[in-house]
Amino acid sequence: MKGTVFAVALNHQSQIDFWHDSFQQAPYNTLPKTPVWFIKPRNTVITSGEAIPHPVGEEVQSGATLALIIGKTARKVAIENAAEYIAGYALANEVSLPETAFYRPAIKAKCRDGFCPIGQMTNPESIDALDIITEINGQEVDRWSTADLVRSATELVAALSDFATLKEGDVILLGTPHQRVAIKPGDKVVIRAAGFPSLENQVVQVGEKA
């Protein structure tokens with residue numbers, strides 16, 4: 001992928017349910033009214049077949065999701081026209097350290113080297129009610145449906161392009177459930193969905209704890 005990778009938090013109903021009470025307290029005091037965005041910088045992006053680095057002494061979690069790829073420049077796009085700006089979709093893994101709050105940007109948790117595997121782009125007939133499956137060492141450990149996303153792909157394109165001009169090759173990760181899958185060195189992580197090339201990455205231990 002040659003563009004910027006944007007990602008959205010709290011876009012799966014299970015996340016809203018889990019964080020609901022916390023968002024009624026300070027410093028939030030209310031649930032977010034608009035998408036909560038963050039960026040996976042270029043150092044995080046790897047392809048299928050490359051290794052996911054596992055920092056020594058850290059807990060690392062897999063976050064299987066779907067990536068939307070922008071096909072042409074998009075600025076202040078209306079929801080009803082947003083599909084015209086989507087070139088296709090790919091499986092992705094929003095790898096992260098555990099999150100304990102949304103008050104401060106989780107740069108150290110989200111932006112580590114190799115923490116955003118993205119697979120091959122394809123053009124499915126529909127991504128509605130698509131099962132996203134995670135296998136670890138050949139065993140299915142997680143499955144969730146895009147039917148449980150709070151905002152659709154076209155809603156996200158419209159929301160993001162309202163304040164940021166999107167270019168061809170930019171990516172939007174559509175979100176993950178609250179429950180994530182712990183991964184450890186030596187694991188083979190495979191993400192599957194009907195009609196998509198699988199995304200396969202080996203987890204390798206690297207470095208010292210920061």
# chains A, B, ... in the order shown; residues from 1 in each chain; ligands from 1

call {"tool": "residues_around", "arguments": {"residues": "A:Ile132", "least_positions_apart": "4", "cutoff": "7 Å", "atoms": "only C-alpha atoms", "output": "MDAnalysis selection string"}}
result
chainID A and resid 64:65 143:145 192:193

call {"tool": "residues_around", "arguments": {"residues": "A:Pro41", "least_positions_apart": "3", "cutoff": "10 Å", "atoms": "only C-alpha atoms", "output": "number ranges by chain"}}
result
A: 3-6, 38, 44-45, 107, 110-116

call {"tool": "write_last_selection", "arguments": {"atoms": "all heavy atoms", "output": "short mmCIF file (atom, residue, chain, number, x, y, z; two decimals), in the first residue's frame"}}
result
data_model
loop_
_atom_site.label_atom_id
_atom_site.label_comp_id
_atom_site.auth_asym_id
_atom_site.auth_seq_id
_atom_site.Cartn_x
_atom_site.Cartn_y
_atom_site.Cartn_z
N GLY A 3 -0.31 4.52 0.29
CA GLY A 3 -0.89 5.70 0.92
C GLY A 3 -0.84 5.67 2.43
O GLY A 3 -0.17 4.85 3.05
N THR A 4 -1.59 6.59 3.02
CA THR A 4 -1.73 6.66 4.48
C THR A 4 -2.77 5.66 4.95
O THR A 4 -3.81 5.49 4.31
CB THR A 4 -2.16 8.08 4.89
OG1 THR A 4 -1.17 9.01 4.44
CG2 THR A 4 -2.30 8.19 6.40
N VAL A 5 -2.49 5.00 6.07
CA VAL A 5 -3.45 4.06 6.64
C VAL A 5 -4.15 4.73 7.82
O VAL A 5 -3.53 5.02 8.85
CB VAL A 5 -2.77 2.76 7.10
CG1 VAL A 5 -3.80 1.81 7.71
CG2 VAL A 5 -2.07 2.08 5.93
N PHE A 6 -5.43 5.00 7.64
CA PHE A 6 -6.27 5.54 8.70
C PHE A 6 -7.02 4.38 9.34
O PHE A 6 -7.37 3.41 8.67
CB PHE A 6 -7.27 6.55 8.15
CG PHE A 6 -6.65 7.73 7.47
CD1 PHE A 6 -6.38 7.70 6.10
CD2 PHE A 6 -6.37 8.89 8.18
CE1 PHE A 6 -5.83 8.80 5.46
CE2 PHE A 6 -5.81 9.99 7.54
CZ PHE A 6 -5.53 9.95 6.19
N PHE A 38 -7.38 7.17 14.25
CA PHE A 38 -5.94 7.14 14.51
C PHE A 38 -5.25 6.68 13.23
O PHE A 38 -5.90 6.26 12.27
CB PHE A 38 -5.58 6.26 15.71
CG PHE A 38 -5.97 4.80 15.57
CD1 PHE A 38 -5.04 3.86 15.15
CD2 PHE A 38 -7.25 4.37 15.91
CE1 PHE A 38 -5.38 2.52 15.04
CE2 PHE A 38 -7.60 3.03 15.81
CZ PHE A 38 -6.66 2.10 15.37
N THR A 44 4.51 0.61 10.14
CA THR A 44 3.70 -0.51 10.63
C THR A 44 3.29 -1.47 9.52
O THR A 44 2.95 -2.61 9.78
CB THR A 44 2.41 0.00 11.33
OG1 THR A 44 1.55 0.62 10.35
CG2 THR A 44 2.73 1.00 12.42
N VAL A 45 3.28 -0.98 8.28
CA VAL A 45 2.66 -1.74 7.18
C VAL A 45 3.59 -2.83 6.65
O VAL A 45 4.74 -2.56 6.27
CB VAL A 45 2.24 -0.80 6.03
CG1 VAL A 45 1.64 -1.61 4.88
CG2 VAL A 45 1.24 0.24 6.53
N ILE A 107 0.04 5.83 20.69
CA ILE A 107 1.10 5.71 19.69
C ILE A 107 2.01 4.52 19.99
O ILE A 107 2.35 3.74 19.09
CB ILE A 107 1.90 7.03 19.62
CG1 ILE A 107 1.01 8.14 19.04
CG2 ILE A 107 3.15 6.85 18.75
CD1 ILE A 107 1.64 9.50 19.04
N LYS A 110 0.09 1.32 19.11
CA LYS A 110 -0.45 1.14 17.77
C LYS A 110 0.59 1.26 16.66
O LYS A 110 0.38 0.73 15.56
CB LYS A 110 -1.53 2.20 17.50
CG LYS A 110 -2.75 2.10 18.40
CD LYS A 110 -3.59 0.91 18.04
CE LYS A 110 -4.94 0.93 18.75
NZ LYS A 110 -5.72 -0.30 18.46
N CYS A 111 1.68 1.99 16.90
CA CYS A 111 2.55 2.43 15.81
C CYS A 111 3.89 1.72 15.75
O CYS A 111 4.88 2.26 15.22
CB CYS A 111 2.75 3.95 15.90
SG CYS A 111 1.21 4.88 15.78
N ARG A 112 3.99 0.53 16.28
CA ARG A 112 5.24 -0.22 16.26
C ARG A 112 5.49 -0.84 14.89
O ARG A 112 4.57 -1.08 14.12
CB ARG A 112 5.21 -1.31 17.33
CG ARG A 112 5.22 -0.74 18.75
CD ARG A 112 5.02 -1.82 19.80
NE ARG A 112 5.05 -1.24 21.14
CZ ARG A 112 6.07 -1.34 21.98
NH1 ARG A 112 7.17 -2.00 21.62
NH2 ARG A 112 6.01 -0.79 23.17
N ASP A 113 6.76 -1.10 14.61
CA ASP A 113 7.14 -1.71 13.33
C ASP A 113 6.34 -3.00 13.09
O ASP A 113 6.22 -3.84 13.99
CB ASP A 113 8.63 -2.05 13.31
CG ASP A 113 9.51 -0.81 13.31
OD1 ASP A 113 8.99 0.30 13.08
OD2 ASP A 113 10.73 -0.96 13.54
N GLY A 114 5.81 -3.14 11.89
CA GLY A 114 5.14 -4.38 11.49
C GLY A 114 3.79 -4.62 12.11
O GLY A 114 3.25 -5.73 12.02
N PHE A 115 3.18 -3.59 12.71
CA PHE A 115 1.91 -3.77 13.42
C PHE A 115 0.69 -3.51 12.53
O PHE A 115 -0.41 -3.26 13.04
CB PHE A 115 1.86 -2.87 14.66
CG PHE A 115 2.34 -3.54 15.93
CD1 PHE A 115 3.28 -4.56 15.86
CD2 PHE A 115 1.87 -3.16 17.17
CE1 PHE A 115 3.72 -5.20 17.03
CE2 PHE A 115 2.30 -3.79 18.34
CZ PHE A 115 3.23 -4.81 18.26
N CYS A 116 0.86 -3.62 11.20
CA CYS A 116 -0.30 -3.47 10.32
C CYS A 116 -0.14 -4.29 9.05
O CYS A 116 0.05 -3.75 7.96
CB CYS A 116 -0.54 -2.00 9.97
SG CYS A 116 -2.10 -1.71 9.10
#

call {"tool": "closest_residue", "arguments": {"among": "A:Ser126, A:Asn93, A:Ser198, A:Gln179", "to": "A:Ile52", "atoms": "only C-alpha atoms"}}
result
A:Asn93

call {"tool": "select_by_dssp", "arguments": {"residues": "stretch 67-122 of chain A", "states": "helix (DSSP H, G or I)", "output": "list in words"}}
result
Ile79, Glu80, Asn81, Ala82, Ala83, Glu84, Tyr85, Ile107, Lys108, Ala109 and Lys110 of chain A

call {"tool": "residues_around", "arguments": {"residues": "stretch 84-92 of chain A", "least_positions_apart": "5", "cutoff": "6 Å", "atoms": "only C-alpha atoms", "output": "PyMOL selection string"}}
result
chain A and resi 64-72+117-123

call {"tool": "closest_residue", "arguments": {"among": "A:Ala7, A:Ile172, A:Ala182, A:Leu130", "to": "A:Val36", "atoms": "only C-alpha atoms"}}
result
A:Ala7

call {"tool": "decode", "arguments": {"residues": "stretch 46-178 of chain A", "atoms": "C-alpha atoms", "output": "compact mmCIF listing (two decimals), in the first residue's frame"}}
result
# COMPACT_ATOMS: atom_id res chain seq x y z
CA ILE A 46 3.78 -5.20 6.03
CA THR A 47 2.36 -7.65 3.51
CA SER A 48 1.19 -11.25 3.68
CA GLY A 49 4.17 -13.53 4.31
CA GLU A 50 6.18 -10.98 6.26
CA ALA A 51 6.86 -11.33 9.99
CA ILE A 52 4.98 -9.54 12.76
CA PRO A 53 7.61 -8.38 15.31
CA HIS A 54 6.78 -9.26 18.93
CA PRO A 55 8.59 -6.92 21.36
CA VAL A 56 10.17 -8.69 24.33
CA GLY A 57 8.10 -8.50 27.51
CA GLU A 58 4.99 -7.07 25.86
CA GLU A 59 1.49 -8.46 25.35
CA VAL A 60 0.61 -8.28 21.68
CA GLN A 61 -2.88 -8.65 20.26
CA SER A 62 -4.14 -9.46 16.77
CA GLY A 63 -7.03 -7.38 15.44
CA ALA A 64 -8.39 -8.93 12.26
CA THR A 65 -10.28 -6.42 10.15
CA LEU A 66 -11.10 -5.24 6.67
CA ALA A 67 -9.17 -2.53 4.84
CA LEU A 68 -10.88 -0.20 2.40
CA ILE A 69 -8.61 1.14 -0.37
CA ILE A 70 -9.30 4.56 -1.88
CA GLY A 71 -9.29 4.62 -5.70
CA LYS A 72 -9.28 8.35 -6.45
CA THR A 73 -9.00 11.71 -4.72
CA ALA A 74 -11.88 12.18 -2.28
CA ARG A 75 -12.76 15.45 -0.57
CA LYS A 76 -16.05 16.12 1.24
CA VAL A 77 -17.70 13.10 -0.36
CA ALA A 78 -21.39 12.48 0.29
CA ILE A 79 -22.33 9.09 1.72
CA GLU A 80 -24.47 8.26 -1.31
CA ASN A 81 -21.48 8.80 -3.62
CA ALA A 82 -18.76 7.28 -1.42
CA ALA A 83 -18.74 3.84 -3.09
CA GLU A 84 -17.40 5.49 -6.26
CA TYR A 85 -14.17 6.31 -4.42
CA ILE A 86 -13.50 2.79 -3.14
CA ALA A 87 -11.10 0.79 -5.34
CA GLY A 88 -11.48 -2.43 -3.35
CA TYR A 89 -10.94 -4.15 -0.03
CA ALA A 90 -8.26 -6.28 1.61
CA LEU A 91 -7.91 -8.27 4.80
CA ALA A 92 -5.81 -6.52 7.43
CA ASN A 93 -4.54 -7.00 10.96
CA GLU A 94 -4.58 -4.00 13.28
CA VAL A 95 -1.95 -5.39 15.64
CA SER A 96 -1.70 -3.57 18.95
CA LEU A 97 -0.60 -3.68 22.55
CA PRO A 98 -3.63 -3.77 24.91
CA GLU A 99 -5.62 -0.52 25.16
CA THR A 100 -6.79 0.78 28.54
CA ALA A 101 -8.22 4.18 27.52
CA PHE A 102 -9.06 6.38 24.55
CA TYR A 103 -8.13 9.67 26.26
CA ARG A 104 -4.57 9.82 24.91
CA PRO A 105 -3.33 8.66 21.49
CA ALA A 106 -2.00 5.10 21.83
CA ILE A 107 1.10 5.71 19.69
CA LYS A 108 3.32 3.27 21.59
CA ALA A 109 0.63 0.58 21.38
CA LYS A 110 -0.45 1.14 17.77
CA CYS A 111 2.55 2.43 15.81
CA ARG A 112 5.24 -0.22 16.26
CA ASP A 113 7.14 -1.71 13.33
CA GLY A 114 5.14 -4.38 11.49
CA PHE A 115 1.91 -3.77 13.42
CA CYS A 116 -0.30 -3.47 10.32
CA PRO A 117 -0.25 -6.44 7.92
CA ILE A 118 -2.43 -5.78 4.85
CA GLY A 119 -3.32 -8.43 2.30
CA GLN A 120 -4.06 -8.39 -1.42
CA MET A 121 -6.83 -6.09 -2.65
CA THR A 122 -9.92 -7.64 -4.18
CA ASN A 123 -13.36 -6.48 -5.25
CA PRO A 124 -16.04 -8.49 -3.44
CA GLU A 125 -19.68 -8.21 -4.48
CA SER A 126 -20.56 -7.20 -0.93
CA ILE A 127 -18.90 -6.78 2.46
CA ASP A 128 -22.20 -6.81 4.34
CA ALA A 129 -22.36 -9.55 6.99
CA LEU A 130 -18.90 -10.82 6.01
CA ASP A 131 -17.29 -13.18 8.54
CA ILE A 132 -13.70 -12.21 9.43
CA ILE A 133 -11.92 -15.31 10.76
CA THR A 134 -8.64 -15.53 12.68
CA GLU A 135 -6.68 -18.79 12.84
CA ILE A 136 -3.65 -19.31 15.07
CA ASN A 137 -1.47 -22.29 14.17
CA GLY A 138 -4.28 -23.81 12.14
CA GLN A 139 -7.01 -23.42 14.78
CA GLU A 140 -9.88 -20.94 14.49
CA VAL A 141 -9.73 -18.64 17.52
CA ASP A 142 -11.96 -15.73 16.50
CA ARG A 143 -14.80 -14.90 14.13
CA TRP A 144 -16.78 -11.71 13.80
CA SER A 145 -19.17 -10.21 11.27
CA THR A 146 -19.02 -6.86 9.52
CA ALA A 147 -22.76 -6.68 10.22
CA ASP A 148 -21.79 -5.54 13.74
CA LEU A 149 -19.88 -2.46 12.58
CA VAL A 150 -21.37 0.79 13.87
CA ARG A 151 -20.57 2.81 10.72
CA SER A 152 -20.39 1.39 7.21
CA ALA A 153 -17.50 1.73 4.78
CA THR A 154 -19.25 4.50 2.88
CA GLU A 155 -20.06 6.37 6.09
CA LEU A 156 -16.40 6.25 7.07
CA VAL A 157 -15.25 7.55 3.68
CA ALA A 158 -17.69 10.44 3.97
CA ALA A 159 -16.71 11.24 7.56
CA LEU A 160 -12.96 11.18 6.95
CA SER A 161 -13.03 13.01 3.62
CA ASP A 162 -15.02 15.79 5.26
CA PHE A 163 -11.82 17.11 6.88
CA ALA A 164 -8.96 15.20 5.18
CA THR A 165 -8.42 14.89 1.44
CA LEU A 166 -8.00 11.20 0.63
CA LYS A 167 -5.71 10.16 -2.21
CA GLU A 168 -5.53 7.07 -4.40
CA GLY A 169 -3.91 4.29 -2.35
CA ASP A 170 -4.99 5.60 1.04
CA VAL A 171 -6.47 2.96 3.32
CA ILE A 172 -9.18 2.94 5.97
CA LEU A 173 -9.31 0.07 8.49
CA LEU A 174 -12.96 -0.48 9.31
CA GLY A 175 -12.59 -1.45 12.98
CA THR A 176 -12.24 -4.45 15.29
CA PRO A 177 -14.30 -6.03 18.07
CA HIS A 178 -13.42 -5.32 21.70
